[in-house]
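J.: Please find protein.txt (compact mmCIF, C-alpha atoms) on the next line:
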# COMPACT_ATOMS: atom_id res chain seq x y z
CA MET R 1 63.92 -25.62 -38.85
CA SER R 2 65.93 -25.60 -42.07
CA ALA R 3 68.54 -22.96 -42.80
CA ASP R 4 66.67 -21.34 -45.71
CA ARG R 5 63.65 -20.61 -43.56
CA ARG R 6 64.63 -17.05 -42.91
CA GLU R 7 62.75 -14.82 -40.52
CA TRP R 8 60.62 -12.08 -42.03
CA PRO R 9 62.09 -8.64 -41.30
CA LEU R 10 60.78 -6.62 -38.39
CA TYR R 11 58.66 -3.53 -39.08
CA GLU R 12 57.67 -0.70 -36.77
CA VAL R 13 54.06 0.41 -37.09
CA PHE R 14 52.65 3.92 -36.74
CA VAL R 15 48.91 4.58 -36.74
CA ARG R 16 47.01 7.83 -36.96
CA GLY R 17 43.78 7.63 -35.00
CA LYS R 18 40.52 9.21 -36.07
CA ARG R 19 41.00 12.02 -33.63
CA GLY R 20 44.77 11.98 -33.64
CA LEU R 21 46.79 14.70 -35.31
CA ASN R 22 49.88 12.62 -36.01
CA HIS R 23 50.94 9.04 -36.45
CA VAL R 24 51.81 7.33 -33.19
CA HIS R 25 54.03 4.29 -32.74
CA VAL R 26 51.81 1.36 -31.76
CA GLY R 27 54.13 -1.63 -31.97
CA SER R 28 55.99 -3.86 -34.36
CA LEU R 29 55.40 -6.94 -36.50
CA HIS R 30 57.03 -9.24 -39.03
CA ALA R 31 56.18 -9.16 -42.72
CA PRO R 32 57.74 -10.46 -45.95
CA ASP R 33 57.71 -7.03 -47.65
CA ASP R 34 56.54 -3.43 -47.28
CA THR R 35 53.10 -3.97 -48.79
CA MET R 36 52.34 -6.99 -46.68
CA ALA R 37 53.54 -5.06 -43.65
CA VAL R 38 50.75 -2.52 -44.20
CA ARG R 39 48.25 -5.38 -44.54
CA HIS R 40 49.54 -7.02 -41.38
CA ALA R 41 49.46 -3.72 -39.52
CA ARG R 42 45.83 -3.27 -40.55
CA ASP R 43 45.00 -6.73 -39.21
CA VAL R 44 47.03 -6.56 -36.02
CA TYR R 45 46.72 -2.93 -34.93
CA THR R 46 43.49 -1.46 -36.34
CA ARG R 47 40.95 -4.20 -35.55
CA ARG R 48 39.29 -2.11 -32.87
CA ASN R 49 38.55 0.85 -35.07
CA GLU R 50 41.73 2.61 -33.99
CA GLY R 51 43.05 4.15 -37.14
CA VAL R 52 42.55 5.92 -40.43
CA SER R 53 46.14 5.83 -41.66
CA ILE R 54 49.10 3.48 -41.27
CA TRP R 55 52.84 3.97 -41.70
CA VAL R 56 55.26 1.07 -41.58
CA VAL R 57 59.03 1.23 -41.68
CA ARG R 58 61.67 -1.50 -41.55
CA ALA R 59 63.03 -1.49 -38.02
CA ASP R 60 66.58 -1.68 -39.38
CA ALA R 61 65.98 1.58 -41.26
CA ILE R 62 65.59 3.43 -37.99
CA THR R 63 68.66 5.01 -36.46
CA ALA R 64 68.16 5.34 -32.75
CA SER R 65 70.04 7.08 -29.99
CA SER R 66 71.90 4.79 -27.64
CA PRO R 67 71.17 4.60 -23.93
CA ASP R 68 74.91 5.14 -23.41
CA GLU R 69 74.56 8.60 -24.92
CA LYS R 70 71.81 9.54 -22.51
CA ASP R 71 73.85 11.94 -20.46
CA PRO R 72 75.59 13.95 -23.20
CA LEU R 73 72.40 14.09 -25.30
CA PHE R 74 69.73 14.83 -22.75
CA ALA R 75 71.13 15.70 -19.34
CA PRO R 76 72.33 19.21 -20.32
CA ASN R 77 68.70 20.25 -20.91
CA GLY R 78 67.62 19.28 -17.44
CA ASP R 79 68.25 22.67 -15.87
CA LYS R 80 67.15 24.98 -18.73
CA VAL R 81 63.75 25.78 -17.33
CA TYR R 82 63.68 29.06 -19.32
CA ARG R 83 63.25 27.05 -22.53
CA HIS R 84 59.73 26.17 -21.53
CA PRO R 85 57.01 28.66 -22.40
CA THR R 86 55.79 28.65 -18.85
CA PHE R 87 56.52 32.32 -18.27
CA TYR R 88 53.74 33.46 -20.57
CA ASP R 89 50.03 33.75 -19.95
CA ILE R 90 48.24 31.81 -22.69
CA PRO R 91 44.93 33.34 -23.74
CA ASP R 92 41.97 30.99 -23.21
CA ASN R 93 41.02 31.02 -26.90
CA VAL R 94 44.33 29.56 -28.14
CA PRO R 95 43.66 25.91 -29.05
CA HIS R 96 45.93 22.87 -28.81
CA MET R 97 48.09 24.19 -25.99
CA MET T 1 14.54 -3.32 -35.09
CA SER T 2 17.44 -3.67 -32.71
CA ASP T 3 15.77 -6.76 -31.26
CA GLU T 4 15.67 -8.28 -34.69
CA HIS T 5 19.42 -8.40 -35.22
CA GLY T 6 20.35 -8.73 -31.58
CA GLY T 7 21.38 -6.01 -29.21
CA ILE T 8 25.09 -6.35 -29.92
CA PHE T 9 25.45 -2.69 -30.83
CA ASP T 10 23.42 -1.38 -27.92
CA GLY T 11 26.40 -1.10 -25.59
CA LEU T 12 28.59 0.47 -28.27
CA ILE T 13 26.55 3.03 -30.12
CA GLY T 14 25.92 6.29 -28.34
CA ALA T 15 27.32 4.93 -25.09
CA GLU T 16 29.69 6.82 -22.83
CA SER T 17 32.85 7.28 -24.87
CA ALA T 18 35.28 7.31 -21.97
CA GLN T 19 35.28 3.55 -21.45
CA TRP T 20 36.59 2.89 -24.97
CA ALA T 21 40.19 3.72 -25.72
CA PHE T 22 39.42 4.63 -29.31
CA GLY T 23 35.95 6.14 -29.00
CA THR T 24 32.57 4.71 -29.86
CA ASP T 25 32.47 5.26 -33.59
CA PHE T 26 30.94 1.86 -34.21
CA GLU T 27 28.31 1.60 -36.91
CA ASP T 28 25.16 -0.47 -36.96
CA PRO T 29 25.06 -1.71 -40.57
CA LEU T 30 21.26 -1.64 -40.51
CA ALA T 31 20.87 1.81 -38.92
CA GLY T 32 17.95 3.63 -40.52
CA VAL T 33 17.21 0.74 -42.88
CA ASP T 34 13.57 -0.16 -43.58
CA THR T 35 13.26 -3.84 -42.62
CA THR T 36 9.83 -4.52 -44.09
CA VAL T 37 9.83 -6.98 -46.96
CA PRO T 38 9.12 -5.07 -50.22
CA ASP T 39 5.66 -5.51 -51.77
CA GLY T 40 5.31 -8.33 -54.22
CA VAL T 41 8.32 -10.28 -52.93
CA ASP T 42 7.70 -13.90 -52.05
CA HIS T 43 8.67 -14.28 -48.40
CA THR T 44 9.62 -17.95 -48.76
CA GLU T 45 11.91 -17.20 -51.69
CA LEU T 46 13.54 -14.27 -49.93
CA ALA T 47 14.19 -16.43 -46.87
CA GLU T 48 15.65 -19.22 -49.00
CA TYR T 49 17.89 -16.70 -50.76
CA CYS T 50 19.11 -15.23 -47.47
CA LEU T 51 19.92 -18.76 -46.30
CA MET T 52 22.10 -19.35 -49.37
CA LEU T 53 24.14 -16.18 -48.88
CA GLY T 54 24.11 -16.50 -45.09
CA ASP T 55 25.12 -20.16 -45.02
CA ASP T 56 27.99 -19.50 -47.44
CA ALA T 57 29.31 -16.89 -45.01
CA LEU T 58 28.63 -18.95 -41.88
CA ILE T 59 30.29 -22.16 -43.07
CA MET T 60 33.24 -20.35 -44.64
CA SER T 61 33.67 -18.49 -41.37
CA GLN T 62 33.63 -21.76 -39.44
CA ARG T 63 36.38 -23.27 -41.62
CA LEU T 64 38.50 -20.12 -41.32
CA THR T 65 38.00 -20.13 -37.57
CA GLU T 66 39.59 -23.57 -37.43
CA TRP T 67 42.80 -21.83 -38.48
CA CYS T 68 42.89 -19.92 -35.23
CA SER T 69 46.28 -20.59 -33.56
CA ARG T 70 47.37 -22.74 -36.53
CA ALA T 71 48.47 -20.17 -39.11
CA PRO T 72 52.17 -20.04 -40.04
CA ASP T 73 52.60 -16.64 -38.38
CA LEU T 74 50.88 -14.59 -35.72
CA GLU T 75 50.08 -11.90 -38.30
CA GLU T 76 48.33 -14.37 -40.63
CA ASP T 77 46.55 -15.95 -37.71
CA ILE T 78 44.94 -12.63 -36.90
CA ALA T 79 44.23 -11.91 -40.58
CA LEU T 80 42.34 -15.20 -40.96
CA ALA T 81 40.41 -14.60 -37.73
CA ASN T 82 39.48 -11.09 -38.90
CA ILE T 83 38.19 -12.46 -42.20
CA ALA T 84 36.23 -15.16 -40.37
CA LEU T 85 34.63 -12.54 -38.15
CA ASP T 86 33.67 -10.36 -41.13
CA LEU T 87 31.89 -13.33 -42.67
CA LEU T 88 30.27 -14.30 -39.39
CA GLY T 89 28.85 -10.77 -39.18
CA GLN T 90 27.40 -11.12 -42.68
CA ALA T 91 25.96 -14.52 -41.77
CA ARG T 92 24.32 -13.13 -38.65
CA LEU T 93 22.49 -10.39 -40.57
CA LEU T 94 21.48 -12.70 -43.41
CA LEU T 95 20.21 -15.53 -41.21
CA ALA T 96 18.27 -13.03 -39.10
CA ARG T 97 16.75 -11.70 -42.34
CA ALA T 98 15.85 -15.23 -43.44
CA ALA T 99 14.07 -15.87 -40.14
CA ALA T 100 12.25 -12.53 -40.30
CA ALA T 101 11.06 -13.20 -43.85
CA ASP T 102 9.89 -16.75 -43.13
CA PRO T 103 9.58 -17.66 -39.44
CA GLY T 104 8.44 -21.11 -40.60
CA LEU T 105 12.12 -21.92 -41.27
CA LEU T 106 12.99 -21.89 -37.60
CA PRO T 107 13.76 -25.26 -36.03
CA ALA T 108 11.70 -26.18 -32.96
CA LEU T 109 13.27 -25.17 -29.65
CA PRO T 110 12.09 -25.75 -26.06
CA GLU T 111 9.37 -23.42 -24.78
CA GLY T 112 10.88 -20.14 -23.62
CA SER T 113 14.31 -20.75 -25.16
CA PRO T 114 16.24 -17.45 -25.42
CA VAL T 115 18.17 -18.60 -28.52
CA PRO T 116 17.89 -15.82 -31.15
CA ALA T 117 16.52 -16.66 -34.59
CA GLU T 118 19.88 -16.54 -36.39
CA ASP T 119 21.43 -18.86 -33.80
CA ALA T 120 18.50 -21.26 -34.12
CA LEU T 121 19.17 -21.45 -37.86
CA ALA T 122 22.92 -21.83 -37.41
CA PHE T 123 22.93 -24.40 -34.64
CA PHE T 124 19.67 -26.37 -34.89
CA ARG T 125 19.34 -27.17 -38.58
CA ASP T 126 20.56 -30.48 -40.01
CA ALA T 127 22.99 -30.77 -42.92
CA GLY T 128 20.29 -31.19 -45.58
CA GLN T 129 18.73 -27.86 -44.59
CA PHE T 130 21.91 -25.87 -45.21
CA ARG T 131 22.15 -24.06 -48.55
CA ASN T 132 25.88 -23.21 -48.67
CA VAL T 133 28.14 -24.07 -51.58
CA ARG T 134 30.41 -27.05 -50.98
CA LEU T 135 33.56 -24.99 -51.53
CA ALA T 136 32.89 -23.45 -48.11
CA GLU T 137 32.51 -26.74 -46.27
CA VAL T 138 35.22 -29.16 -47.43
CA ALA T 139 37.87 -29.91 -44.82
CA ASN T 140 40.83 -27.61 -44.40
CA GLY T 141 44.24 -28.52 -45.77
CA ASP T 142 47.49 -26.58 -45.62
CA PHE T 143 47.97 -22.80 -45.82
CA GLY T 144 47.96 -22.96 -49.63
CA HIS T 145 44.57 -24.63 -49.45
CA VAL T 146 42.97 -21.87 -47.38
CA VAL T 147 44.49 -19.24 -49.67
CA VAL T 148 43.00 -20.90 -52.77
CA ARG T 149 39.65 -21.53 -51.09
CA LEU T 150 39.38 -17.92 -50.01
CA LEU T 151 40.48 -16.68 -53.43
CA LEU T 152 37.80 -18.64 -55.29
CA PHE T 153 35.17 -17.75 -52.68
CA SER T 154 35.87 -14.04 -52.35
CA VAL T 155 36.26 -13.38 -56.09
CA ALA T 156 32.73 -14.73 -56.63
CA ARG T 157 31.22 -13.22 -53.49
CA LEU T 158 32.59 -9.75 -54.19
CA ALA T 159 31.19 -9.77 -57.75
CA LEU T 160 27.83 -10.85 -56.34
CA LEU T 161 27.70 -8.37 -53.44
CA GLU T 162 28.65 -5.48 -55.72
CA ARG T 163 25.51 -6.15 -57.72
CA LEU T 164 23.37 -6.90 -54.69
CA ARG T 165 23.91 -3.35 -53.41
CA ALA T 166 21.19 -2.36 -55.89
CA SER T 167 18.66 -4.81 -54.41
CA SER T 168 15.15 -3.48 -53.88
CA ASP T 169 15.26 -5.21 -50.50
CA THR T 170 16.87 -2.52 -48.37
CA VAL T 171 18.25 -5.01 -45.84
CA LEU T 172 20.02 -7.04 -48.53
CA ALA T 173 21.30 -3.83 -50.09
CA ALA T 174 22.72 -2.70 -46.72
CA VAL T 175 24.31 -6.08 -45.98
CA ALA T 176 25.85 -6.05 -49.47
CA ALA T 177 27.20 -2.51 -49.03
CA LYS T 178 28.88 -3.56 -45.78
CA GLY T 179 30.08 -6.84 -47.28
CA VAL T 180 31.68 -5.28 -50.36
CA LYS T 181 34.18 -3.38 -48.20
CA GLU T 182 35.01 -6.50 -46.22
CA VAL T 183 35.26 -8.96 -49.09
CA THR T 184 37.38 -6.53 -51.12
CA TYR T 185 40.00 -6.97 -48.41
CA HIS T 186 39.52 -10.78 -48.31
CA ARG T 187 40.07 -10.99 -52.06
CA ASP T 188 43.11 -8.78 -51.85
CA TRP T 189 44.57 -10.91 -49.04
CA ALA T 190 43.95 -14.16 -50.90
CA ALA T 191 45.17 -12.93 -54.29
CA ARG T 192 48.31 -11.45 -52.75
CA TRP T 193 49.13 -14.71 -50.97
CA PHE T 194 48.33 -16.78 -54.04
CA LEU T 195 50.81 -14.73 -56.06
CA THR T 196 53.41 -14.84 -53.26
CA LEU T 197 53.20 -18.61 -52.88
CA ALA T 198 53.03 -19.29 -56.61
CA GLN T 199 56.12 -17.15 -57.20
CA GLY T 200 57.88 -18.38 -54.07
CA THR T 201 59.74 -21.66 -53.72
CA GLU T 202 59.13 -24.82 -55.70
CA GLU T 203 57.39 -26.22 -52.62
CA SER T 204 55.10 -23.23 -52.04
CA CYS T 205 54.12 -23.20 -55.73
CA HIS T 206 53.41 -26.92 -55.61
CA ARG T 207 51.14 -26.39 -52.59
CA VAL T 208 48.89 -23.76 -54.22
CA VAL T 209 48.75 -25.60 -57.54
CA THR T 210 47.71 -28.79 -55.72
CA ALA T 211 45.05 -26.91 -53.75
CA LEU T 212 43.76 -25.20 -56.88
CA SER T 213 43.50 -28.55 -58.60
CA ALA T 214 41.60 -30.06 -55.66
CA LEU T 215 39.15 -27.15 -55.24
CA TRP T 216 38.57 -26.26 -58.88
CA PRO T 217 35.68 -28.74 -59.39
CA LEU T 218 33.81 -26.81 -56.66
CA GLN T 219 34.28 -23.39 -58.30
CA PRO T 220 31.45 -23.57 -60.89
CA GLU T 221 28.90 -23.95 -58.09
CA LEU T 222 29.68 -20.37 -57.06
CA VAL T 223 28.43 -19.01 -60.36
CA ALA T 224 25.63 -21.51 -61.00
CA THR T 225 22.01 -20.37 -60.85
CA HIS T 226 19.38 -21.79 -58.49
CA PRO T 227 15.70 -21.21 -59.50
CA VAL T 228 15.18 -19.01 -56.41
CA GLU T 229 18.10 -16.81 -57.44
CA LEU T 230 16.68 -16.44 -60.92
CA SER T 231 13.21 -15.62 -59.64
CA LEU T 232 14.49 -13.01 -57.17
CA ALA T 233 16.85 -11.54 -59.74
CA ARG T 234 13.84 -10.94 -61.98
CA ALA T 235 12.06 -9.28 -59.06
CA GLY T 236 15.01 -6.91 -58.55
CA VAL T 237 15.78 -8.42 -55.13
CA GLY T 238 18.55 -10.91 -55.84
CA VAL T 239 21.43 -11.42 -58.25
CA ASP T 240 21.69 -14.28 -60.72
CA PRO T 241 25.24 -15.56 -60.11
CA ALA T 242 25.54 -16.45 -63.79
CA THR T 243 25.66 -12.71 -64.55
CA THR T 244 28.90 -12.47 -62.55
CA ARG T 245 30.61 -15.27 -64.45
CA GLY T 246 32.41 -13.02 -66.92
CA GLU T 247 33.87 -10.86 -64.17
CA VAL T 248 34.75 -13.83 -61.96
CA ASP T 249 36.57 -15.55 -64.83
CA ALA T 250 38.40 -12.36 -65.76
CA VAL T 251 39.62 -11.77 -62.20
CA LEU T 252 40.71 -15.38 -61.72
CA ASP T 253 42.47 -15.40 -65.10
CA GLN T 254 44.32 -12.24 -64.14
CA VAL T 255 45.47 -13.67 -60.80
CA LEU T 256 46.51 -16.94 -62.45
CA ALA T 257 48.33 -15.12 -65.26
CA VAL T 258 50.45 -12.90 -63.01
CA SER T 259 51.14 -15.91 -60.79
CA GLY T 260 52.22 -18.03 -63.74
CA VAL T 261 49.75 -20.80 -62.86
CA ALA T 262 47.71 -22.56 -65.55
CA ARG T 263 43.94 -22.52 -65.28
CA PRO T 264 42.77 -26.05 -64.41
CA ASP T 265 40.15 -27.68 -66.60
CA HIS T 266 38.67 -30.25 -64.23
CA PRO T 267 34.95 -30.82 -64.71
CA PRO T 268 32.54 -29.51 -62.05
CA LEU T 269 31.56 -31.82 -59.20
CA GLU T 270 28.02 -33.14 -59.59
CA GLY T 271 25.25 -32.01 -57.26
CA GLY T 272 25.17 -28.85 -55.22
CA GLY T 273 24.97 -27.39 -51.75
CA ARG T 274 22.23 -24.97 -52.83
CA THR T 275 19.80 -27.89 -52.92
CA GLY T 276 21.06 -29.40 -49.67
CA THR T 277 23.51 -31.93 -51.11
CA HIS T 278 26.67 -31.75 -49.04
CA THR T 279 30.00 -33.53 -48.68
CA GLU T 280 30.96 -35.99 -45.97
CA ASP T 281 33.21 -33.35 -44.41
CA PHE T 282 30.17 -31.21 -43.72
CA ALA T 283 28.79 -33.59 -41.08
CA ASP T 284 31.98 -33.26 -39.02
CA LEU T 285 31.93 -29.47 -39.33
CA LEU T 286 28.32 -29.26 -38.15
CA ALA T 287 28.90 -31.68 -35.28
CA GLU T 288 31.68 -29.49 -33.93
CA MET T 289 29.92 -26.18 -34.60
CA GLN T 290 26.54 -27.21 -33.15
CA MET T 291 27.48 -29.54 -30.31
CA VAL T 292 27.50 -27.04 -27.45
CA ALA T 293 24.42 -25.10 -28.57
CA ARG T 294 22.45 -28.33 -28.98
CA ALA T 295 23.47 -29.61 -25.58
CA HIS T 296 21.95 -26.45 -24.05
CA PRO T 297 18.94 -25.46 -26.17
CA SER T 298 17.74 -23.13 -23.43
CA GLY T 299 21.16 -21.68 -22.72
CA ARG T 300 21.82 -17.96 -22.66
CA TRP T 301 25.16 -16.92 -24.17
For the structure just supplied, provide its representation as structure tokens.
T.:
Amino acid sequence: MSADRREWPLYEVFVRGKRGLNHVHVGSLHAPDDTMAVRHARDVYTRRNEGVSIWVVRADAITASSPDEKDPLFAPNGDKVYRHPTFYDIPDNVPHM
Amino acid sequence: MSDEHGGIFDGLIGAESAQWAFGTDFEDPLAGVDTTVPDGVDHTELAEYCLMLGDDALIMSQRLTEWCSRAPDLEEDIALANIALDLLGQARLLLARAAAADPGLLPALPEGSPVPAEDALAFFRDAGQFRNVRLAEVANGDFGHVVVRLLLFSVARLALLERLRASSDTVLAAVAAKGVKEVTYHRDWAARWFLTLAQGTEESCHRVVTALSALWPLQPELVATHPVELSLARAGVGVDPATTRGEVDAVLDQVLAVSGVARPDHPPLEGGGRTGTHTEDFADLLAEMQMVARAHPSGRW
């Protein structure tokens, strides 16, 4: 493989399903540019009638938390049970809960 | 009705939703469509016309299917397979319509063979009985070749299907309405890749220009008129491809202009697939496509 045969950049794909309320991460793919990434996402991730909307974003544009930071970021919340709304009675007619 | 175009939707439509991860919102393209042939329409002509449009889709689909596992990237591999499947779906409906309009077209099969009518037409006809344009059948080349082939094919087919949506034959109108959405994407895919390759490296540009040069003599056949097309166009059933010529030329000129590629001026290749004249490549394609079905004419698939 010659040196100028560069890899296409990696994109992360988010699809909103027909019954879904928000876009959900479904996977990743390679594409030469943003527009082609949407086309590729359509072909790779919506062939089974899954979606009505697609978002793609360059994977290198995502800033992610590091596994090393797991404890300082998340562990302190492990014992704060009072932050959950479990001490309320939710009326039956409140949707999406 | 559902027997006529196979029971492929039976397990999907209205079935228990829980077994499908994304629901059962599949659509039968012929749902609620009146399948009787309109009064005053010649059944033989309608069948012949459906063969032309159906064979174009079937043979193009077969060539695209050969790309499976051979495309430069996984993403393009799936794109080509998706496009092939769209066209195969169109072929299935059109060949079934041809058989329903003129059962006399059906090749002889052993007594009690379960082979459906559209499969009988696809797998048990000989080359001279196929009505597809030769652009669909010539052997595959490189990736540039399939991009150019699909560009020329889908530009013409989209212009035709857009007009066919107004057909007085409700089945053809429904197939066209479904096809327009599909072929719009095929044309977009092909035009986008044509531009990308033409504006890419010297090598990629050379590839598409070479393919365009090789396939150009087959382009006029897409917009040429067969007597059956003319007759059915007058009856309000079909579309005379010549009426799409202006639009087809305009779209191709636009793609060529933004890509910086000159329009070739090679003369058209003599003869035509619409009258059953095919290329040498076609025999190989049919042999591969039909071999298994012909070895088991009473097989159930």
J.: Using all atoms listed in the file for the distances, tell me which of R:Phe74, R:Tyr88, R:Tyr45, R:Trp55 is nearest to Asn22 in chain R.
T.: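 Among the listed residues, the smallest separation from Asn22 in chain R belongs to R:Trp55.
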J.: Enumerate, in order of chain and increasing residue number, the residues of chain R with an atom no farther than 7 Å from chain T, each with its shortest atom pair and distance in Å to one decimal, counting only C-alpha atoms, as JSON lines.
T.:
{"residue": "R:His40", "atom": "CA", "partner": "T:Glu75", "partner_atom": "CA", "distance": 5.8}
{"residue": "R:Asp43", "atom": "CA", "partner": "T:Ala79", "partner_atom": "CA", "distance": 5.4}
{"residue": "R:Val44", "atom": "CA", "partner": "T:Ile78", "partner_atom": "CA", "distance": 6.5}
{"residue": "R:Asn49", "atom": "CA", "partner": "T:Phe22", "partner_atom": "CA", "distance": 6.9}
{"residue": "R:Glu50", "atom": "CA", "partner": "T:Phe22", "partner_atom": "CA", "distance": 5.6}
J.: Nearest to Glu118 in chain T among T:Ala250, T:Ala91, T:Leu135, T:Ala198, with distances taken over only C-alpha atoms: which residue is it?
T.: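 When distances to Glu118 in chain T are compared using only C-alpha atoms, the smallest one comes from T:Ala91.
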J.: Quick one, how far is CA of Asp126 in chain T from CA of Ala101 in chain T?
T.: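 About the pair CA of Asp126 in chain T and CA of Ala101 in chain T: they are 20.1 Å apart.
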